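Raw contents of structure.tsv, TSV, C-alpha atoms:
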```tsv
chain	number	residue	atom	x	y	z
P	1	MET	CA	-94.72	-36.62	97.99
P	2	LYS	CA	-94.87	-35.21	94.47
P	3	ASN	CA	-92.48	-32.42	95.42
P	4	PHE	CA	-90.14	-34.93	96.95
P	5	LEU	CA	-90.13	-36.90	93.70
P	6	TYR	CA	-89.31	-33.78	91.70
P	7	ILE	CA	-86.46	-32.86	94.03
P	8	PHE	CA	-85.16	-36.39	93.80
P	9	ALA	CA	-85.35	-36.26	90.02
P	10	LEU	CA	-83.63	-32.89	89.84
P	11	ILE	CA	-80.82	-33.90	92.17
P	12	SER	CA	-80.21	-37.02	90.19
P	13	ILE	CA	-79.63	-35.11	86.96
P	14	ILE	CA	-77.46	-32.36	88.39
P	15	GLN	CA	-74.12	-33.76	87.46
P	16	ALA	CA	-70.89	-32.20	86.30
P	17	GLN	CA	-71.34	-31.30	82.63
P	18	PRO	CA	-68.74	-33.04	80.53
P	19	GLU	CA	-66.54	-30.60	78.65
P	20	LEU	CA	-67.23	-30.77	74.95
P	21	GLU	CA	-63.95	-31.82	73.46
P	22	ILE	CA	-63.44	-32.53	69.80
P	23	GLN	CA	-64.54	-36.11	69.33
P	24	ASN	CA	-62.26	-38.57	67.50
P	25	LYS	CA	-59.52	-36.04	66.80
P	26	GLU	CA	-57.42	-38.79	65.29
P	27	TYR	CA	-59.67	-38.78	62.20
P	28	MET	CA	-59.24	-35.06	61.60
P	29	PRO	CA	-58.13	-34.43	57.98
P	30	LEU	CA	-54.39	-33.97	57.63
P	31	HIS	CA	-54.63	-30.35	56.44
P	32	THR	CA	-56.83	-29.45	59.44
P	33	LYS	CA	-54.49	-31.29	61.80
P	34	LEU	CA	-51.49	-29.42	60.39
P	35	LEU	CA	-53.21	-26.06	60.84
P	36	TRP	CA	-55.50	-26.52	63.84
P	37	GLY	CA	-54.33	-29.70	65.58
P	38	ASP	CA	-52.96	-29.56	69.13
P	39	HIS	CA	-49.55	-28.69	67.70
P	40	GLY	CA	-50.86	-27.19	64.45
P	41	PHE	CA	-49.38	-24.15	62.79
P	42	PHE	CA	-52.12	-21.74	63.85
P	43	ARG	CA	-51.84	-22.95	67.45
P	44	GLN	CA	-48.10	-22.39	67.39
P	45	ILE	CA	-48.40	-18.79	66.20
P	46	ASN	CA	-51.42	-18.18	68.43
P	47	PHE	CA	-53.58	-17.27	65.45
P	48	GLY	CA	-57.34	-17.51	65.35
P	49	PRO	CA	-60.26	-17.27	67.75
P	50	LYS	CA	-59.54	-17.59	71.44
P	51	THR	CA	-62.38	-19.90	72.33
P	52	ARG	CA	-63.70	-23.12	70.88
P	53	LYS	CA	-67.12	-21.52	70.56
P	54	ALA	CA	-65.68	-18.70	68.46
P	55	GLU	CA	-63.79	-21.25	66.39
P	56	LEU	CA	-67.01	-23.10	65.62
P	57	LYS	CA	-68.71	-19.83	64.70
P	58	LEU	CA	-65.87	-18.98	62.34
P	59	ARG	CA	-65.96	-22.49	60.88
P	60	VAL	CA	-69.67	-22.29	60.11
P	61	LYS	CA	-69.28	-18.87	58.48
P	62	MET	CA	-66.33	-20.03	56.40
P	63	LEU	CA	-68.13	-23.15	55.23
P	64	GLN	CA	-71.31	-21.24	54.40
P	65	ASN	CA	-69.28	-18.90	52.20
P	66	HIS	CA	-67.39	-21.88	50.80
P	67	GLN	CA	-70.72	-23.33	49.60
P	68	LYS	CA	-71.80	-20.13	47.90
P	69	LEU	CA	-68.47	-19.50	46.21
P	70	ALA	CA	-68.16	-23.14	45.17
P	71	LEU	CA	-71.52	-22.93	43.40
P	72	ALA	CA	-70.42	-19.74	41.67
P	73	SER	CA	-67.13	-21.41	40.69
P	74	LEU	CA	-68.98	-24.39	39.26
P	75	GLY	CA	-71.12	-22.08	37.15
P	76	LEU	CA	-68.06	-20.17	35.95
P	77	LEU	CA	-66.25	-23.40	35.12
P	78	ALA	CA	-69.27	-24.60	33.13
P	79	TYR	CA	-69.17	-21.34	31.17
P	80	GLN	CA	-65.40	-21.68	30.69
P	81	SER	CA	-65.91	-25.19	29.44
P	82	SER	CA	-68.44	-23.95	26.91
P	83	LEU	CA	-66.05	-21.23	25.71
P	84	GLY	CA	-63.25	-23.77	25.46
P	85	TYR	CA	-65.31	-26.11	23.28
P	86	GLN	CA	-66.32	-23.26	20.97
P	87	MET	CA	-62.67	-22.28	20.61
P	88	LYS	CA	-61.78	-25.84	19.78
P	89	GLU	CA	-64.40	-25.70	17.03
P	90	GLY	CA	-62.53	-22.74	15.56
P	91	ASP	CA	-64.05	-19.63	17.11
P	92	TYR	CA	-60.86	-17.95	18.29
P	93	SER	CA	-62.67	-14.66	18.91
P	94	LEU	CA	-63.54	-16.12	22.31
P	95	ARG	CA	-59.91	-16.42	23.37
P	96	LYS	CA	-59.96	-13.14	25.28
P	97	ASN	CA	-63.15	-14.06	27.14
P	98	HIS	CA	-61.83	-17.52	27.96
P	99	ARG	CA	-58.68	-16.02	29.36
P	100	GLN	CA	-60.43	-13.32	31.40
P	101	PHE	CA	-63.03	-15.66	32.85
P	102	SER	CA	-60.31	-18.15	33.73
P	103	LYS	CA	-58.93	-15.61	36.20
P	104	ILE	CA	-62.33	-14.98	37.78
P	105	ALA	CA	-63.17	-18.70	37.92
P	106	TRP	CA	-59.76	-19.57	39.32
P	107	GLY	CA	-59.94	-16.81	41.91
P	108	ALA	CA	-63.45	-17.80	43.01
P	109	TYR	CA	-62.46	-21.46	43.19
P	110	MET	CA	-59.29	-20.85	45.20
P	111	THR	CA	-61.09	-18.56	47.62
P	112	SER	CA	-63.77	-21.20	48.07
P	113	ALA	CA	-61.16	-23.94	48.55
P	114	SER	CA	-59.27	-21.81	51.07
P	115	LEU	CA	-62.43	-21.22	53.08
P	116	SER	CA	-62.84	-24.96	53.39
P	117	TYR	CA	-59.21	-26.03	53.87
P	118	PHE	CA	-58.39	-23.29	56.37
P	119	ALA	CA	-61.60	-23.58	58.40
P	120	PRO	CA	-61.16	-24.40	62.10
P	121	PRO	CA	-61.86	-28.00	63.08
P	122	ALA	CA	-65.30	-29.51	63.45
P	123	GLN	CA	-66.58	-30.71	66.80
P	124	LYS	CA	-66.65	-34.30	65.72
P	125	TYR	CA	-64.82	-36.64	63.33
P	126	GLU	CA	-65.38	-40.22	62.31
P	127	LYS	CA	-63.57	-43.10	60.76
P	128	ARG	CA	-66.35	-44.35	58.49
P	129	VAL	CA	-66.78	-43.17	54.92
P	130	SER	CA	-69.58	-40.69	54.34
P	131	SER	CA	-70.71	-38.53	51.44
P	132	ILE	CA	-68.93	-35.55	52.98
P	133	LYS	CA	-65.71	-37.54	53.28
P	134	LEU	CA	-65.99	-38.47	49.59
P	135	HIS	CA	-66.68	-34.79	48.88
P	136	ARG	CA	-63.38	-33.96	50.58
P	137	TRP	CA	-61.44	-36.70	48.82
P	138	LEU	CA	-62.76	-35.50	45.46
P	139	SER	CA	-61.65	-32.00	46.36
P	140	TYR	CA	-58.03	-33.20	46.21
P	141	VAL	CA	-58.66	-34.22	42.58
P	142	HIS	CA	-60.29	-30.97	41.45
P	143	PHE	CA	-57.88	-28.85	43.47
P	144	ALA	CA	-54.93	-30.49	41.69
P	145	GLY	CA	-56.79	-29.99	38.41
P	146	MET	CA	-57.43	-26.32	39.09
P	147	MET	CA	-53.76	-25.81	39.87
P	148	ALA	CA	-52.76	-27.42	36.58
P	149	VAL	CA	-55.40	-26.16	34.10
P	150	PRO	CA	-54.16	-22.52	33.76
P	151	PHE	CA	-50.59	-23.67	33.07
P	152	LEU	CA	-51.81	-26.27	30.59
P	153	GLY	CA	-53.87	-23.55	28.92
P	154	GLN	CA	-50.88	-21.28	28.54
P	155	ASN	CA	-48.86	-24.22	27.31
P	156	ILE	CA	-51.13	-24.57	24.26
P	157	ALA	CA	-49.76	-21.37	22.71
P	158	THR	CA	-46.11	-22.27	23.25
P	159	SER	CA	-46.16	-26.02	22.77
P	160	ASP	CA	-44.55	-27.67	19.75
P	161	ASN	CA	-47.45	-30.08	19.62
P	162	TYR	CA	-50.64	-27.99	19.56
P	163	ASP	CA	-53.09	-30.90	19.39
P	164	GLN	CA	-51.48	-32.77	22.26
P	165	ALA	CA	-51.30	-29.65	24.44
P	166	LEU	CA	-54.93	-28.80	23.69
P	167	ALA	CA	-56.07	-32.36	24.44
P	168	LEU	CA	-54.17	-32.36	27.72
P	169	HIS	CA	-55.68	-29.00	28.79
P	170	GLN	CA	-59.13	-30.15	27.78
P	171	ASN	CA	-58.86	-33.55	29.49
P	172	VAL	CA	-57.58	-32.12	32.75
P	173	ALA	CA	-60.28	-29.42	32.65
P	174	THR	CA	-62.95	-32.07	32.03
P	175	ILE	CA	-61.72	-34.22	34.93
P	176	THR	CA	-61.64	-31.13	37.14
P	177	PHE	CA	-65.16	-30.04	36.21
P	178	THR	CA	-66.56	-33.57	36.52
P	179	SER	CA	-64.99	-34.19	39.93
P	180	MET	CA	-66.19	-30.80	41.12
P	181	SER	CA	-69.74	-31.51	39.92
P	182	LEU	CA	-69.71	-34.91	41.61
P	183	SER	CA	-68.33	-33.33	44.73
P	184	ALA	CA	-71.21	-30.82	44.74
P	185	LEU	CA	-73.80	-33.55	44.19
P	186	LEU	CA	-72.41	-35.59	47.07
P	187	THR	CA	-73.25	-32.83	49.53
P	188	ILE	CA	-76.96	-33.30	48.97
P	189	LEU	CA	-76.89	-36.99	49.87
P	190	PRO	CA	-78.30	-37.61	53.34
P	191	TYR	CA	-75.48	-39.89	54.54
C	1	MET	CA	-101.64	-53.37	81.66
C	2	ASN	CA	-102.46	-50.80	84.34
C	3	ARG	CA	-102.99	-53.53	86.88
C	4	PHE	CA	-99.81	-55.25	85.79
C	5	ILE	CA	-97.73	-52.12	86.19
C	6	LEU	CA	-99.42	-51.39	89.50
C	7	SER	CA	-98.74	-54.86	90.81
C	8	LEU	CA	-95.16	-54.59	89.66
C	9	PHE	CA	-94.65	-51.46	91.70
C	10	ILE	CA	-96.73	-52.54	94.66
C	11	GLY	CA	-94.72	-55.74	94.73
C	12	PHE	CA	-91.59	-53.70	95.28
C	13	GLY	CA	-93.17	-51.42	97.86
C	14	PHE	CA	-94.42	-47.91	98.23
C	15	SER	CA	-92.36	-46.14	95.60
C	16	GLN	CA	-90.12	-47.66	93.04
C	17	THR	CA	-87.36	-46.01	91.06
C	18	MET	CA	-85.96	-47.66	87.98
C	19	GLN	CA	-83.01	-46.50	85.94
C	20	LEU	CA	-83.02	-46.45	82.18
C	21	THR	CA	-81.06	-49.47	81.05
C	22	THR	CA	-81.28	-49.01	77.30
C	23	SER	CA	-82.39	-46.06	75.24
C	24	GLU	CA	-82.73	-44.87	71.70
C	25	ILE	CA	-83.64	-41.33	70.77
C	26	ASN	CA	-83.90	-40.33	67.12
C	27	TYR	CA	-84.36	-36.84	65.82
C	28	HIS	CA	-85.62	-36.43	62.25
C	29	GLY	CA	-84.29	-33.40	60.44
C	30	SER	CA	-85.26	-32.32	56.96
C	31	HIS	CA	-84.13	-29.92	54.28
C	32	PRO	CA	-85.62	-29.37	50.81
C	33	LEU	CA	-82.79	-31.49	49.38
C	34	HIS	CA	-82.60	-34.33	51.89
C	35	SER	CA	-83.70	-35.70	55.23
C	36	TRP	CA	-81.68	-37.39	57.93
C	37	ILE	CA	-81.93	-39.05	61.29
C	38	GLY	CA	-79.64	-38.47	64.25
C	39	THR	CA	-79.53	-41.19	66.88
C	40	SER	CA	-78.38	-41.35	70.46
C	41	ASN	CA	-78.25	-44.44	72.62
C	42	GLU	CA	-76.78	-42.62	75.58
C	43	ALA	CA	-79.77	-41.17	77.39
C	44	THR	CA	-79.81	-41.51	81.15
C	45	GLY	CA	-82.67	-41.12	83.58
C	46	GLN	CA	-85.18	-42.88	85.70
C	47	ILE	CA	-88.82	-43.64	86.16
C	48	THR	CA	-90.29	-43.33	89.62
C	49	TYR	CA	-93.70	-44.70	90.46
C	50	ASP	CA	-95.72	-43.80	93.51
C	51	ALA	CA	-98.19	-46.65	93.95
C	52	ASN	CA	-100.25	-44.86	96.59
C	53	ALA	CA	-100.90	-41.84	94.43
C	54	ASN	CA	-101.01	-43.92	91.26
C	55	THR	CA	-98.68	-41.46	89.64
C	56	GLY	CA	-95.08	-41.31	88.67
C	57	THR	CA	-92.31	-39.24	87.28
C	58	ALA	CA	-89.88	-39.74	84.52
C	59	THR	CA	-86.65	-37.88	83.95
C	60	VAL	CA	-84.48	-38.28	80.91
C	61	GLU	CA	-81.30	-36.49	79.98
C	62	VAL	CA	-79.26	-36.86	76.85
C	63	ALA	CA	-76.05	-35.16	75.75
C	64	LEU	CA	-76.33	-33.42	72.39
C	65	ASN	CA	-72.89	-34.61	71.39
C	66	SER	CA	-74.03	-38.21	71.68
C	67	PHE	CA	-76.24	-37.87	68.57
C	68	ASP	CA	-74.88	-39.47	65.47
C	69	SER	CA	-76.40	-38.55	62.10
C	70	ARG	CA	-73.75	-40.55	60.21
C	71	ILE	CA	-72.09	-37.36	58.94
C	72	SER	CA	-69.81	-35.88	61.54
C	73	SER	CA	-69.71	-32.41	60.00
C	74	ARG	CA	-73.51	-32.26	60.21
C	75	ASP	CA	-73.33	-33.36	63.86
C	76	SER	CA	-70.76	-30.67	64.41
C	77	ASN	CA	-73.04	-28.07	62.83
C	78	MET	CA	-75.90	-29.26	65.01
C	79	LEU	CA	-73.71	-28.78	68.10
C	80	TYR	CA	-72.90	-25.26	66.93
C	81	TYR	CA	-76.48	-24.21	66.18
C	82	THR	CA	-77.78	-25.68	69.44
C	83	ASP	CA	-74.99	-23.93	71.39
C	84	ALA	CA	-74.00	-27.28	72.83
C	85	LEU	CA	-70.93	-25.77	74.47
C	86	ASP	CA	-73.28	-23.72	76.68
C	87	TYR	CA	-76.24	-26.10	76.75
C	88	PRO	CA	-74.73	-29.55	76.34
C	89	THR	CA	-77.78	-31.60	77.28
C	90	VAL	CA	-81.49	-31.92	76.64
C	91	ARG	CA	-83.58	-32.76	79.70
C	92	PHE	CA	-87.10	-33.92	80.16
C	93	ILE	CA	-88.86	-33.95	83.51
C	94	SER	CA	-92.40	-35.20	83.54
C	95	THR	CA	-95.16	-33.27	85.24
C	96	SER	CA	-97.90	-35.85	84.76
C	97	ILE	CA	-98.21	-39.40	83.57
C	98	GLU	CA	-101.61	-40.84	82.81
C	99	LEU	CA	-102.24	-44.47	82.05
C	100	TYR	CA	-104.69	-45.52	79.32
C	101	GLY	CA	-104.54	-49.26	78.83
C	102	ASP	CA	-101.21	-49.95	77.17
C	103	SER	CA	-100.66	-46.28	76.48
C	104	LEU	CA	-99.20	-43.50	78.55
C	105	LYS	CA	-99.94	-39.84	78.14
C	106	ILE	CA	-96.83	-38.12	79.41
C	107	SER	CA	-96.61	-34.39	79.91
C	108	GLY	CA	-93.53	-32.63	81.08
C	109	ASP	CA	-90.94	-29.94	80.72
C	110	LEU	CA	-88.42	-30.24	77.95
C	111	SER	CA	-85.33	-28.11	78.48
C	112	PHE	CA	-83.29	-27.51	75.37
C	113	HIS	CA	-81.02	-24.66	74.40
C	114	GLY	CA	-81.72	-22.85	77.66
C	115	VAL	CA	-85.49	-22.83	77.07
C	116	THR	CA	-88.00	-24.97	78.93
C	117	LYS	CA	-91.32	-25.79	77.29
C	118	ASN	CA	-94.09	-28.11	78.26
C	119	ILE	CA	-94.66	-30.96	75.84
C	120	THR	CA	-97.05	-33.90	75.75
C	121	THR	CA	-96.30	-37.24	74.21
C	122	VAL	CA	-98.27	-40.45	73.91
C	123	ALA	CA	-96.23	-43.57	74.41
C	124	SER	CA	-96.81	-47.25	74.26
C	125	ALA	CA	-95.72	-49.22	77.30
C	126	ASN	CA	-95.10	-52.83	78.03
C	127	ILE	CA	-93.40	-54.69	80.80
C	128	ASP	CA	-91.79	-57.47	78.83
C	129	GLY	CA	-88.46	-57.97	80.57
C	130	GLY	CA	-88.60	-54.59	82.31
C	131	VAL	CA	-90.59	-51.48	81.59
C	132	LYS	CA	-90.42	-50.47	77.94
C	133	VAL	CA	-91.74	-47.15	76.74
C	134	ALA	CA	-91.77	-45.91	73.16
C	135	GLY	CA	-93.34	-42.86	71.60
C	136	SER	CA	-92.77	-39.69	69.66
C	137	PHE	CA	-93.40	-35.98	69.64
C	138	ALA	CA	-92.35	-32.97	67.63
C	139	ILE	CA	-90.77	-29.68	68.54
C	140	GLU	CA	-90.35	-26.41	66.71
C	141	LEU	CA	-86.77	-25.14	66.70
C	142	SER	CA	-88.07	-21.57	66.86
C	143	ASP	CA	-89.80	-22.36	70.19
C	144	TYR	CA	-86.36	-23.06	71.65
C	145	ASN	CA	-84.67	-20.06	70.00
C	146	VAL	CA	-82.52	-22.29	67.85
C	147	LYS	CA	-81.35	-20.60	64.70
C	148	ARG	CA	-81.89	-22.88	61.74
C	149	PRO	CA	-78.86	-23.82	59.65
C	150	THR	CA	-78.91	-23.14	55.94
C	151	PHE	CA	-77.52	-25.38	53.28
C	152	LEU	CA	-77.23	-24.13	49.71
C	153	LEU	CA	-79.14	-21.00	50.71
C	154	MET	CA	-82.12	-22.99	52.06
C	155	GLN	CA	-82.98	-23.45	55.72
C	156	ILE	CA	-83.70	-26.79	57.35
C	157	ALA	CA	-87.29	-27.40	58.45
C	158	ASN	CA	-88.40	-25.78	61.69
C	159	THR	CA	-90.13	-28.94	62.90
C	160	ILE	CA	-88.01	-31.71	64.32
C	161	LYS	CA	-89.75	-35.00	65.00
C	162	ILE	CA	-88.35	-36.99	67.87
C	163	ASP	CA	-89.02	-40.62	68.60
C	164	TYR	CA	-87.77	-42.55	71.56
C	165	ALA	CA	-87.68	-46.01	73.06
C	166	PHE	CA	-86.55	-46.63	76.62
C	167	GLN	CA	-86.20	-49.66	78.76
C	168	ALA	CA	-86.02	-49.25	82.51
C	169	GLY	CA	-85.18	-51.72	85.19
C	170	GLU	CA	-83.47	-51.99	88.52
```
Hey, can you dump this file as structure tokens for me?
Amino acid sequence: MKNFLYIFALISIIQAQPELEIQNKEYMPLHTKLLWGDHGFFRQINFGPKTRKAELKLRVKMLQNHQKLALASLGLLAYQSSLGYQMKEGDYSLRKNHRQFSKIAWGAYMTSASLSYFAPPAQKYEKRVSSIKLHRWLSYVHFAGMMAVPFLGQNIATSDNYDQALALHQNVATITFTSMSLSALLTILPY
Amino acid sequence: MNRFILSLFIGFGFSQTMQLTTSEINYHGSHPLHSWIGTSNEATGQITYDANANTGTATVEVALNSFDSRISSRDSNMLYYTDALDYPTVRFISTSIELYGDSLKISGDLSFHGVTKNITTVASANIDGGVKVAGSFAIELSDYNVKRPTFLLMQIANTIKIDYAFQAGE
């Protein structure tokens, strides 16, 4: 009788396994949709892993490296910020350092951002707002800031209005650093 | 309670099979920086009771992609680390159910990530509007060969606590 019950139980759970499709594709971020959506750019040029499993593996690797590089970028930006404030106080000997580190910080940041923006799609998306969604929305702010800050920095030397150009560079850099810090903090929230 | 459950089954005959009508399974994950709960309400299965032998079986199956931790990228990571494309479900098939008053001691085989391990869980049971069973147990991810994800260079905890509540009826 016991064996019969086991067989009955086993038969009842042997069903066709549902294929794991991406859930709620419609809520995929626009940049991911443009690159990895059904008609996305990478699909059109047949670029990227051949299986969904390999895509997920690549995604996880890219996001793990994104985390590490983003932390490094945040540290470099904090250092840059410190150099910038000292220069504002009159220590122009730091100009060379500020300039050199800006390239390293910018490169690290852009690599980190690329690893996130170009990562293959997740397995699941959702409509509701979560800390990770806020993290992504804030990334649009600091990404725009990081694009602008180097040009605004160069503009200080050539601008007719030094004070205004310096204030603009400093304000945009502060907004960028603050939004990036907030973005990092959001990732440690549970929901 | 034992007598009540017995009479319930005897009333229906020799052996009675009831399908799960509602379910809630929560897994509790933790990391040095935060903890979270993933919930599924989509478990399927049944409870079969053999009145003559005073024993029964329970089978429960739940799809990994039905768990919602309220952050979809975390759910997606969970599906990756559990190889949900190859092993999309978690299954439990009981091997013994013992009744102790209002409690059940349930032992059985838990199949997860292609590994089957015997687990034991103690559950409370009541028959208010159907058979309701609720309990908890814990598993070690390493026992099931699940690689632990890292976040900010730190791994999540190896122990995952699971609690469940099922209601079964005809």
Write out as a list in words which residues come within 8 Å of C:Thr89 when counting only C-alpha atoms, dropping same-chain ones fewer than 5 positions away. Glu61, Val62, Ala63, Leu64, Ala84 and Phe112 of chain C
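Going from atom CA of C:Glu170 to atom CA of C:Gln16 covers 9.1 Å.
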Quick one, how far is atom CA of C:Val90 from atom CA of C:Met78?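 So the two atoms, atom CA of C:Val90 and atom CA of C:Met78, lie 13.2 Å apart.
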List every protein, DNA or RNA residue with an atom no more than 12 Å from (-61.6, -20.6, 43.9) in the file's coordinates, counting only C-alpha atoms, and format the result as an MDAnalysis selection string. chainID P and resid 65:77 102:117 139 142:143 145:147 180
May I ask you to extract the residues of chain C within 6 Å of chain P, using only C-alpha atoms, and to give them as a list in words?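 That gives the following set of residues: His34, Trp36, Arg70, Ser72 and Ser76 of chain C.
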Selection from above, C-alpha atoms, as an mmCIF file, in the coordinates of the input, can you write it?
```cif
data_model
loop_
_atom_site.group_PDB
_atom_site.id
_atom_site.type_symbol
_atom_site.label_atom_id
_atom_site.label_comp_id
_atom_site.auth_asym_id
_atom_site.auth_seq_id
_atom_site.Cartn_x
_atom_site.Cartn_y
_atom_site.Cartn_z
ATOM 1 C CA HIS C 34 -82.600 -34.330 51.890
ATOM 2 C CA TRP C 36 -81.680 -37.390 57.930
ATOM 3 C CA ARG C 70 -73.750 -40.550 60.210
ATOM 4 C CA SER C 72 -69.810 -35.880 61.540
ATOM 5 C CA SER C 76 -70.760 -30.670 64.410
#
```
The residue from C:Leu79, C:Val146, C:Ala58, C:Ala123 with the smallest atom-to-atom distance to C:Thr95, counting only C-alpha atoms, is C:Ala58
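Reported to one decimal place, the separation of atom CA of P:Tyr27 from atom CA of P:Ile45 is 23.3 Å.
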Proximity to C:Glu98 - best of C:Phe151, C:Phe166, C:Tyr144, C:Tyr49, all atoms listed in the file: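 Between C:Phe151, C:Phe166, C:Tyr144, C:Tyr49, the residue approaching C:Glu98 most closely is C:Tyr49.
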Rank P:Ala165, P:Gln100, P:Trp137, P:Gly153 by their smallest atom-to-atom distance to P:Ser179, using only C-alpha atoms, and report the top residue only.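 Smallest distance to P:Ser179 is found for P:Trp137.
Of the residues under consideration (C:Thr39, C:Met154, C:Lys132, C:Lys105), C:Lys132 shows the shortest atom-to-atom contact distance to C:Gln19 when counting all atoms listed in the file.
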Residues near C:Tyr27, cut-off 9 Å, all atoms listed in the file, skip fewer than 3 positions along chain, as a PyMOL selection string: chain C and resi 36-40+67+69+160-164
When you count only C-alpha atoms, which of these residues is closest to P:Leu58: C:Val60, C:Tyr80, C:Asn126, C:Asn26? C:Tyr80
Quick one: everything within 7 Å of C:Ser111, counting all atoms listed in the file, minus sequence neighbours fewer than 5 positions away in the same chain. Send it as a compact mmCIF listing (two decimals) with C-alpha atoms, keeping the file's coordinate frame.
```txt
# COMPACT_ATOMS: atom_id res chain seq x y z
CA VAL C 90 -81.49 -31.92 76.64
CA ARG C 91 -83.58 -32.76 79.70
CA PHE C 92 -87.10 -33.92 80.16
CA THR C 116 -88.00 -24.97 78.93
CA LYS C 117 -91.32 -25.79 77.29
```
Min atom-atom distance to C:Ser107 from the set C:Thr48, C:Ser142, C:Ser73, C:Thr57, counting only C-alpha atoms, belongs to C:Thr57
